[in-house]
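Text of data_37.tsv, listed as TSV, C-alpha atoms:
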```tsv
chain	number	residue	atom	x	y	z
A	3	MET	CA	93.90	-2.16	-19.44
A	4	SER	CA	91.43	-4.45	-17.77
A	5	HIS	CA	87.99	-3.53	-16.65
A	6	LYS	CA	86.53	-5.13	-13.60
A	7	ARG	CA	82.90	-6.10	-14.01
A	8	ARG	CA	80.79	-4.63	-11.32
A	9	PRO	CA	78.76	-7.20	-9.47
A	10	ARG	CA	75.03	-6.83	-9.86
A	11	ARG	CA	73.27	-5.51	-6.84
A	12	HIS	CA	70.37	-7.54	-5.59
A	13	ASP	CA	68.06	-5.54	-3.41
A	14	SER	CA	66.62	-8.05	-0.98
A	15	ASN	CA	64.08	-5.47	0.21
A	16	THR	CA	62.31	-5.18	-3.17
A	17	HIS	CA	58.75	-6.61	-2.95
A	18	VAL	CA	55.16	-5.93	-4.13
A	19	ASP	CA	53.29	-3.34	-2.10
A	20	GLU	CA	50.44	-5.24	-0.43
A	21	THR	CA	49.16	-2.54	1.89
A	22	TRP	CA	45.98	-2.30	-0.21
A	23	LEU	CA	44.94	-5.70	1.13
A	24	LEU	CA	44.11	-4.25	4.54
A	25	PRO	CA	41.29	-1.87	3.48
A	26	TYR	CA	40.11	-4.48	0.97
A	27	ALA	CA	39.81	-7.08	3.74
A	28	ASP	CA	37.99	-4.58	5.93
A	29	MET	CA	35.56	-3.84	3.09
A	30	LEU	CA	34.87	-7.55	2.59
A	31	THR	CA	34.23	-7.93	6.31
A	32	LEU	CA	31.73	-5.05	6.27
A	33	LEU	CA	29.98	-6.47	3.20
A	34	VAL	CA	29.59	-9.83	4.92
A	35	ALA	CA	28.23	-8.06	7.97
A	36	LEU	CA	25.78	-6.10	5.78
A	37	PHE	CA	24.40	-9.27	4.16
A	38	ILE	CA	24.02	-10.87	7.58
A	39	VAL	CA	22.11	-7.79	8.78
A	40	LEU	CA	19.81	-7.89	5.74
A	41	PHE	CA	19.16	-11.57	6.32
A	42	ALA	CA	18.42	-10.95	9.97
A	43	MET	CA	15.90	-8.24	9.05
A	44	GLY	CA	13.96	-10.83	7.07
A	45	GLN	CA	14.04	-13.27	9.99
A	46	ILE	CA	12.39	-11.31	12.80
A	47	ASP	CA	13.44	-13.36	15.79
A	48	GLN	CA	14.44	-11.74	19.08
A	49	ALA	CA	16.83	-14.49	20.22
A	50	LYS	CA	18.60	-14.68	16.87
A	51	TYR	CA	18.72	-10.90	16.67
A	52	ASP	CA	20.46	-10.59	20.05
A	53	GLN	CA	22.87	-13.40	19.19
A	54	LEU	CA	23.68	-11.74	15.86
A	55	LYS	CA	24.49	-8.45	17.59
A	56	ILE	CA	26.92	-10.20	19.95
A	57	VAL	CA	28.71	-12.11	17.19
A	58	LEU	CA	29.08	-9.05	14.96
A	59	SER	CA	30.28	-6.94	17.85
A	60	GLU	CA	32.97	-9.49	18.74
A	61	THR	CA	34.00	-10.03	15.12
A	62	LEU	CA	34.38	-6.33	14.37
A	63	GLY	CA	36.30	-5.46	17.49
A	64	GLY	CA	33.45	-4.16	19.58
A	65	GLN	CA	31.89	-2.00	16.85
A	66	GLY	CA	28.15	-2.25	17.36
A	67	ILE	CA	26.86	-2.02	13.78
A	68	LEU	CA	23.34	-2.86	14.73
A	69	ASP	CA	23.41	-0.44	17.63
A	70	ASN	CA	24.68	2.49	15.57
A	71	GLN	CA	22.07	2.39	12.82
A	72	ASN	CA	19.08	4.25	14.17
A	73	ALA	CA	16.89	3.62	11.14
A	74	LEU	CA	17.50	-0.13	11.32
A	75	ASP	CA	16.81	-0.18	15.05
A	76	GLU	CA	13.53	1.68	14.55
A	77	VAL	CA	12.32	-0.73	11.87
A	78	ASP	CA	13.36	-3.72	13.91
A	79	GLU	CA	11.65	-2.40	17.03
A	80	GLN	CA	8.40	-1.96	15.14
A	81	ALA	CA	8.66	-5.52	13.83
A	82	ARG	CA	9.34	-6.87	17.31
A	83	ASN	CA	6.39	-4.98	18.75
A	84	THR	CA	4.16	-6.58	16.14
A	85	LEU	CA	5.44	-10.04	16.97
A	86	GLU	CA	5.18	-9.42	20.70
A	87	SER	CA	1.49	-8.58	20.41
A	88	ASP	CA	-0.76	-11.32	21.64
A	89	PRO	CA	-1.80	-13.36	18.57
A	90	SER	CA	-5.08	-14.26	20.21
A	91	GLU	CA	-5.90	-10.56	20.73
A	92	LEU	CA	-5.11	-9.80	17.10
A	93	SER	CA	-7.29	-12.67	16.03
A	94	GLU	CA	-10.19	-11.58	18.24
A	95	ALA	CA	-9.93	-7.99	16.99
A	96	SER	CA	-9.88	-9.26	13.44
A	97	LYS	CA	-12.92	-11.46	14.01
A	98	LEU	CA	-14.82	-8.61	15.66
A	99	GLU	CA	-14.07	-6.24	12.80
A	100	ARG	CA	-15.14	-8.80	10.21
A	101	SER	CA	-18.35	-9.41	12.14
A	102	GLU	CA	-19.15	-5.67	12.23
A	103	LEU	CA	-18.47	-5.30	8.51
A	104	GLU	CA	-20.66	-8.32	7.80
A	105	GLN	CA	-23.48	-6.67	9.73
A	106	LEU	CA	-22.96	-3.48	7.74
A	107	GLN	CA	-23.01	-5.48	4.52
A	108	ALA	CA	-26.26	-7.14	5.58
A	109	ARG	CA	-27.88	-3.74	6.18
A	110	LEU	CA	-26.70	-2.54	2.79
A	111	ASN	CA	-27.97	-5.67	1.08
A	112	GLY	CA	-31.33	-5.20	2.80
A	113	TYR	CA	-31.49	-1.64	1.48
A	114	ILE	CA	-30.56	-2.84	-2.02
A	115	GLU	CA	-33.30	-5.46	-1.94
A	116	GLU	CA	-35.86	-3.02	-0.60
A	117	LYS	CA	-35.09	-0.46	-3.32
A	118	GLN	CA	-34.73	-3.15	-6.01
A	119	LEU	CA	-31.24	-1.99	-6.91
A	120	ALA	CA	-29.54	-5.37	-7.28
A	121	ASP	CA	-28.66	-4.66	-10.92
A	122	ARG	CA	-27.16	-1.26	-10.04
A	123	LEU	CA	-25.61	-1.76	-6.61
A	124	GLN	CA	-23.49	-4.63	-5.26
A	125	THR	CA	-21.44	-5.27	-2.13
A	126	GLU	CA	-18.40	-7.49	-1.57
A	127	LEU	CA	-16.47	-8.11	1.65
A	128	GLY	CA	-12.80	-9.00	1.35
A	129	ALA	CA	-9.44	-8.50	3.01
A	130	SER	CA	-9.29	-4.89	1.75
A	131	GLY	CA	-12.62	-4.03	3.36
A	132	LEU	CA	-16.24	-3.68	2.33
A	133	LEU	CA	-16.54	-2.71	-1.33
A	134	ILE	CA	-19.74	-1.09	-2.64
A	135	THR	CA	-19.97	-0.92	-6.44
A	136	ILE	CA	-22.45	1.56	-7.93
A	137	ASN	CA	-23.22	1.41	-11.64
A	138	ASP	CA	-22.73	4.86	-13.12
A	139	GLY	CA	-26.15	4.86	-14.79
A	140	ILE	CA	-27.88	5.37	-11.46
A	141	LEU	CA	-25.67	8.37	-10.65
A	142	PHE	CA	-24.73	10.18	-13.86
A	143	ALA	CA	-25.88	10.83	-17.37
A	144	SER	CA	-23.57	9.62	-20.14
A	145	GLY	CA	-20.35	11.66	-20.28
A	146	SER	CA	-21.38	13.82	-17.32
A	147	ALA	CA	-20.01	14.14	-13.78
A	148	GLU	CA	-23.09	15.91	-12.41
A	149	LEU	CA	-25.08	13.70	-10.06
A	150	LYS	CA	-28.65	13.00	-11.08
A	151	SER	CA	-31.26	14.50	-8.80
A	152	ASP	CA	-32.73	11.09	-7.94
A	153	SER	CA	-29.28	9.81	-6.90
A	154	ILE	CA	-28.94	12.33	-4.08
A	155	GLU	CA	-31.12	10.24	-1.74
A	156	LEU	CA	-29.04	7.14	-2.50
A	157	ILE	CA	-25.78	8.85	-1.52
A	158	GLU	CA	-27.42	10.30	1.60
A	159	GLN	CA	-28.61	6.85	2.68
A	160	LEU	CA	-25.22	5.29	2.00
A	161	SER	CA	-23.33	7.95	3.93
A	162	ALA	CA	-25.62	7.49	6.92
A	163	MET	CA	-25.23	3.70	6.89
A	164	LEU	CA	-21.44	3.84	6.48
A	165	ALA	CA	-20.85	6.25	9.36
A	166	SER	CA	-19.36	4.45	12.36
A	167	ASP	CA	-17.88	5.03	15.79
A	168	PRO	CA	-14.91	4.74	15.86
A	169	PRO	CA	-14.81	6.22	12.36
A	170	ARG	CA	-13.61	4.23	9.37
A	171	TYR	CA	-11.87	5.60	6.32
A	172	ILE	CA	-13.72	5.68	3.01
A	173	GLN	CA	-12.03	5.55	-0.40
A	174	ILE	CA	-14.12	6.53	-3.44
A	175	SER	CA	-12.91	5.70	-6.94
A	176	GLY	CA	-14.33	6.42	-10.38
A	177	HIS	CA	-14.04	4.10	-13.40
A	178	THR	CA	-15.09	4.28	-17.05
A	179	ASP	CA	-15.13	2.09	-20.14
A	180	ASN	CA	-12.57	2.55	-22.91
A	181	VAL	CA	-14.75	4.64	-25.22
A	182	PRO	CA	-12.96	7.97	-25.88
A	183	MET	CA	-14.56	11.12	-24.54
A	184	GLY	CA	-16.84	12.78	-27.06
A	185	ASN	CA	-17.54	16.14	-25.43
A	186	ASN	CA	-15.70	19.35	-24.62
A	187	GLU	CA	-16.16	19.16	-20.84
A	188	PHE	CA	-13.53	16.47	-20.24
A	189	ASP	CA	-10.40	15.72	-22.22
A	190	SER	CA	-10.11	12.11	-21.10
A	191	ASN	CA	-11.80	9.29	-19.22
A	192	TRP	CA	-9.32	9.96	-16.42
A	193	GLU	CA	-10.75	13.42	-15.91
A	194	LEU	CA	-14.32	12.16	-16.10
A	195	SER	CA	-13.75	9.36	-13.57
A	196	SER	CA	-11.92	11.73	-11.20
A	197	ALA	CA	-14.69	14.34	-11.38
A	198	ARG	CA	-17.36	11.72	-10.68
A	199	ALA	CA	-15.49	10.30	-7.69
A	200	TYR	CA	-14.91	13.81	-6.33
A	201	ASN	CA	-18.57	14.78	-6.62
A	202	VAL	CA	-19.66	11.62	-4.80
A	203	MET	CA	-17.09	12.25	-2.06
A	204	LYS	CA	-18.20	15.88	-1.71
A	205	LEU	CA	-21.79	14.76	-1.25
A	206	PHE	CA	-20.72	12.24	1.41
A	207	PHE	CA	-19.07	15.08	3.29
A	208	GLU	CA	-22.02	17.46	3.01
A	209	TYR	CA	-24.23	15.23	5.14
A	210	ASP	CA	-21.92	15.68	8.17
A	211	HIS	CA	-21.45	11.95	8.73
A	212	PHE	CA	-17.72	12.11	7.97
A	213	GLU	CA	-14.74	14.31	8.70
A	214	PRO	CA	-12.65	15.40	5.69
A	215	ALA	CA	-9.69	13.28	6.83
A	216	GLN	CA	-11.82	10.12	6.55
A	217	LEU	CA	-12.54	10.59	2.85
A	218	SER	CA	-10.39	10.27	-0.26
A	219	PHE	CA	-11.05	9.90	-3.96
A	220	ALA	CA	-9.29	8.72	-7.12
A	221	GLY	CA	-10.04	8.45	-10.83
A	222	TYR	CA	-8.81	5.38	-12.71
A	223	GLY	CA	-10.39	6.04	-16.07
A	224	GLU	CA	-10.60	2.91	-18.23
A	225	TYR	CA	-7.55	1.25	-16.72
A	226	HIS	CA	-9.11	-0.93	-14.00
A	227	PRO	CA	-11.84	-2.80	-15.88
A	228	ILE	CA	-13.82	-5.59	-14.23
A	229	ALA	CA	-15.28	-6.86	-17.51
A	230	SER	CA	-14.43	-6.91	-21.20
A	231	ASN	CA	-14.89	-3.67	-23.09
A	232	GLU	CA	-15.64	-5.68	-26.23
A	233	THR	CA	-19.34	-5.96	-25.33
A	234	ALA	CA	-22.00	-3.44	-24.34
A	235	GLU	CA	-22.64	-5.35	-21.11
A	236	GLY	CA	-18.95	-5.30	-20.22
A	237	ARG	CA	-18.62	-1.58	-20.89
A	238	GLN	CA	-21.67	-0.94	-18.73
A	239	ALA	CA	-20.13	-2.92	-15.87
A	240	ASN	CA	-16.89	-0.97	-16.16
A	241	ARG	CA	-18.66	2.40	-15.86
A	242	ARG	CA	-18.94	2.53	-12.09
A	243	VAL	CA	-18.11	4.26	-8.83
A	244	GLU	CA	-16.61	2.16	-6.05
A	245	VAL	CA	-16.89	3.01	-2.36
A	246	LEU	CA	-14.41	1.07	-0.23
A	247	VAL	CA	-14.90	0.98	3.55
A	248	LEU	CA	-11.51	0.27	5.12
A	249	PRO	CA	-11.47	-1.98	8.18
A	250	LEU	CA	-10.31	-0.69	11.54
A	251	GLU	CA	-8.31	-3.90	12.02
A	252	PRO	CA	-6.85	-6.31	9.46
A	253	ILE	CA	-9.45	-8.91	8.59
A	254	GLU	CA	-8.84	-12.43	7.40
```
For the file at hand, write its structure as structure tokens.
Amino acid sequence: MSHKRRPRRHDSNTHVDETWLLPYADMLTLLVALFIVLFAMGQIDQAKYDQLKIVLSETLGGQGILDNQNALDEVDEQARNTLESDPSELSEASKLERSELEQLQARLNGYIEEKQLADRLQTELGASGLLITINDGILFASGSAELKSDSIELIEQLSAMLASDPPRYIQISGHTDNVPMGNNEFDSNWELSSARAYNVMKLFFEYDHFEPAQLSFAGYGEYHPIASNETAEGRQANRRVEVLVLPLEPIE
């Protein structure tokens, strides 16, 4: 008896499923669009921004990516408003603010010279504002946050001179050397510096020259030194209270 061999069936429809390529391609397209958006955010240019929106909209079938992201639009609008401001006006405002802070610095320096406080009180004008550095020895006894009685007049004079219209913001920070605390009142130099800055700020407020919202304080302990703690002179320089007068406009 003979057996016929069945012919092998070849299914011509058998092939690899490639439907996953469609979402993958869409994902790649969106990633490219995302990187273009991020690049555009770093290149604040109105003409390029508008052109980018058109190209992306056409590429993605009319989907307005840039139009549908409210957060991105808000950031971009703020950036455009800054660029659309008249540069000459910004420059003039900056120059005026610097001039007013220079006049304030001159008055402070005159007071320092009159009171012979050059070794205890210094001023410096920079981009951050007008910085007044007060050596802690004129304000506090060693390891204490209680203001000396003869420092009250100094703080009163400073608060009167720093008051302005329109009002400026004042940041007060306390700093120490790296010698560990040796008393039971404070556990660390952080606590000591914070308490000193707070007491100075509170005295500023008591003279009614400032509103509470204008004043802030911080304690940095030993961690923002301006001199080496390896010498007595350096440690003395590091024990200080800083009063920073913030400018009303950015200054150059």
Contact table segment 174-195 of chain A vs segment 223-228 of chain A, cut-off 10 Å, shortest pair per residue, only C-alpha atoms, as a Markdown table:
```
| residue | atom | partner | partner_atom | distance |
| --- | --- | --- | --- | --- |
| A:Ser175 | CA | A:Gly223 | CA | 9.5 |
| A:Gly176 | CA | A:Gly223 | CA | 6.9 |
| A:His177 | CA | A:Gly223 | CA | 4.9 |
| A:Thr178 | CA | A:Glu224 | CA | 4.8 |
| A:Asp179 | CA | A:Glu224 | CA | 5.0 |
| A:Asn180 | CA | A:Glu224 | CA | 5.1 |
| A:Val181 | CA | A:Glu224 | CA | 8.3 |
| A:Pro182 | CA | A:Glu224 | CA | 9.5 |
| A:Ser190 | CA | A:Gly223 | CA | 7.9 |
| A:Asn191 | CA | A:Gly223 | CA | 4.7 |
| A:Trp192 | CA | A:Gly223 | CA | 4.1 |
| A:Glu193 | CA | A:Gly223 | CA | 7.4 |
| A:Leu194 | CA | A:Gly223 | CA | 7.3 |
| A:Ser195 | CA | A:Gly223 | CA | 5.3 |
```
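Using all atoms listed in the file, the protein and nucleic acid residues lying no more than 7 Å from segment 197-208 of chain A, apart from those fewer than 2 places from it along its own chain, are Ala147, Ile157, Glu158, Ser161, Ile174, Ser175, Gly176, Glu193, Leu194, Ser195, Asp210, His211, Phe212, Glu213, Pro214, Leu217, Phe219, Ala220, Gly221 and Val243 of chain A.
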Near Ile172 of chain A, counting all atoms listed in the file, which residues have an atom at most 7 Å away, once you skip same-chain residues fewer than 2 positions from it, shown as number ranges by chain?
A: 170, 174, 216-218, 245-248
Could you check the closest approach to Met163 of chain A for each of A:Asn111, A:Asn137, A:Asn185, A:Ser196 and tell me which residue wins, using all atoms listed in the file?
A:Asn111
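Using all atoms listed in the file, the nearest neighbour of Leu103 of chain A within the list A:Leu141, A:Leu119, A:Leu164, A:Ile154 is A:Leu164.
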Go ahead and compute the interatomic distance for atom CA of Lys117 of chain A and atom CA of Glu155 of chain A, in Å to one decimal.
11.5 Å
Using atom CA of Glu126 of chain A and atom CA of Gln159 of chain A as the two end points, give the distance in Å to one decimal.
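These two atoms are separated by 18.1 Å.
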If you count all atoms listed in the file, which residues fall within 8 Å of Gln107 of chain A, apart from same-chain ones fewer than 6 positions away, as an mmCIF file with C-alpha atoms, keeping the file's coordinate frame?
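Below is the file that was written, selection-v6.cif:
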```
data_model
loop_
_atom_site.group_PDB
_atom_site.id
_atom_site.type_symbol
_atom_site.label_atom_id
_atom_site.label_comp_id
_atom_site.auth_asym_id
_atom_site.auth_seq_id
_atom_site.Cartn_x
_atom_site.Cartn_y
_atom_site.Cartn_z
ATOM 1 C CA THR A 125 -21.440 -5.270 -2.130
ATOM 2 C CA GLU A 126 -18.400 -7.490 -1.570
ATOM 3 C CA LEU A 127 -16.470 -8.110 1.650
ATOM 4 C CA LEU A 132 -16.240 -3.680 2.330
#
```
